[in-house]
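Asker: Take a look at the following structure, please.
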Amino acid sequence: AQIKQTGRTYTIVWKIGEGQQIGTGILIDNVLSIVFTAPGPARPGLAVYSVTGDKITSGVWTSLGSQIVAEETWSPADRH
């Protein structure tokens, strides 16, 4: 994922396989909350991440209308 501060909000772009998701987030205390969508017919979603220092460490997300909450842990990507 790439995260860029844009004024008081954040723009987040996730690259997942050949596709991508784009989101807009707000940071309050140590919590980054993001609304996101993927191109095409995918439903928008909400992600909420814990921020430690200047790094996202873990979070949860769901899609509009879903009854499931998925968990994920972030780690630095290898850069080639």
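Scheme for the structure tokens: letters A, B, ... for chains in order shown; per-chain residue numbers from 1; ligand numbers from 1 in order shown.
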Quick one: DSSP strand (DSSP E) residues in chain A, as a PyMOL selection string?

Answerer: chain A and resi 2-6+9-16+19-28+31-37+45-52+55-63+70-73

Asker: Please indicate the distance in Å from atom CA of Gly17 of chain A to atom CA of Gly65 of chain A, rounded to one decimal place.

Answerer: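 For atom CA of Gly17 of chain A relative to atom CA of Gly65 of chain A, the distance reads 24.1 Å.
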
Asker: Identify which of the residues A:Ile16, A:Thr73, A:Gly25, A:Leu64 lies closest to Lys4 of chain A, counting only C-alpha atoms when measuring atom-to-atom distances.

Answerer: A:Gly25

Asker: Any idea what the distance is between atom CA of Thr9 of chain A and atom CA of Leu27 of chain A?

Answerer: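 According to the coordinates, atom CA of Thr9 of chain A and atom CA of Leu27 of chain A are separated by 7.3 Å.
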
Asker: Determine, counting only C-alpha atoms, which protein, DNA and RNA residues have an atom within 7 Å of an atom of segment 49-51 of chain A; residues of the same chain fewer than 4 positions away are not included. Present the result as a PyMOL selection string.

Answerer: chain A and resi 30-33+55-60

Asker: Tell me which protein, DNA and RNA residues are within 6 Å of Ile12 of chain A, counting only C-alpha atoms, leaving out same-chain ones fewer than 5 positions away, and put them as a PDB file with N, CA, C and O atoms, in the first residue's frame.

Answerer:
```pdb
ATOM      1  N   GLN A   2       0.395   2.294  -0.619  1.00  0.00           N
ATOM      2  CA  GLN A   2       1.057   3.584  -0.585  1.00  0.00           C
ATOM      3  C   GLN A   2       0.135   4.561   0.121  1.00  0.00           C
ATOM      4  O   GLN A   2      -1.064   4.605  -0.162  1.00  0.00           O
ATOM      5  N   ILE A   3       0.693   5.324   1.048  1.00  0.00           N
ATOM      6  CA  ILE A   3      -0.092   6.279   1.828  1.00  0.00           C
ATOM      7  C   ILE A   3       0.524   7.652   1.658  1.00  0.00           C
ATOM      8  O   ILE A   3       1.734   7.827   1.794  1.00  0.00           O
ATOM      9  N   ILE A  22      -8.567   2.089  -3.855  1.00  0.00           N
ATOM     10  CA  ILE A  22      -8.221   3.462  -3.515  1.00  0.00           C
ATOM     11  C   ILE A  22      -9.083   3.891  -2.340  1.00  0.00           C
ATOM     12  O   ILE A  22     -10.282   3.612  -2.303  1.00  0.00           O
ATOM     13  N   GLY A  23      -8.452   4.576  -1.370  1.00  0.00           N
ATOM     14  CA  GLY A  23      -9.197   5.010  -0.204  1.00  0.00           C
ATOM     15  C   GLY A  23      -8.814   6.399   0.255  1.00  0.00           C
ATOM     16  O   GLY A  23      -7.772   6.939  -0.121  1.00  0.00           O
TER      17      GLY A  23
END
```

Asker: Using only C-alpha atoms, which of A:Thr52, A:Arg43, A:Ile28, A:Thr37 sits nearest Val13 of chain A?

Answerer: A:Thr37
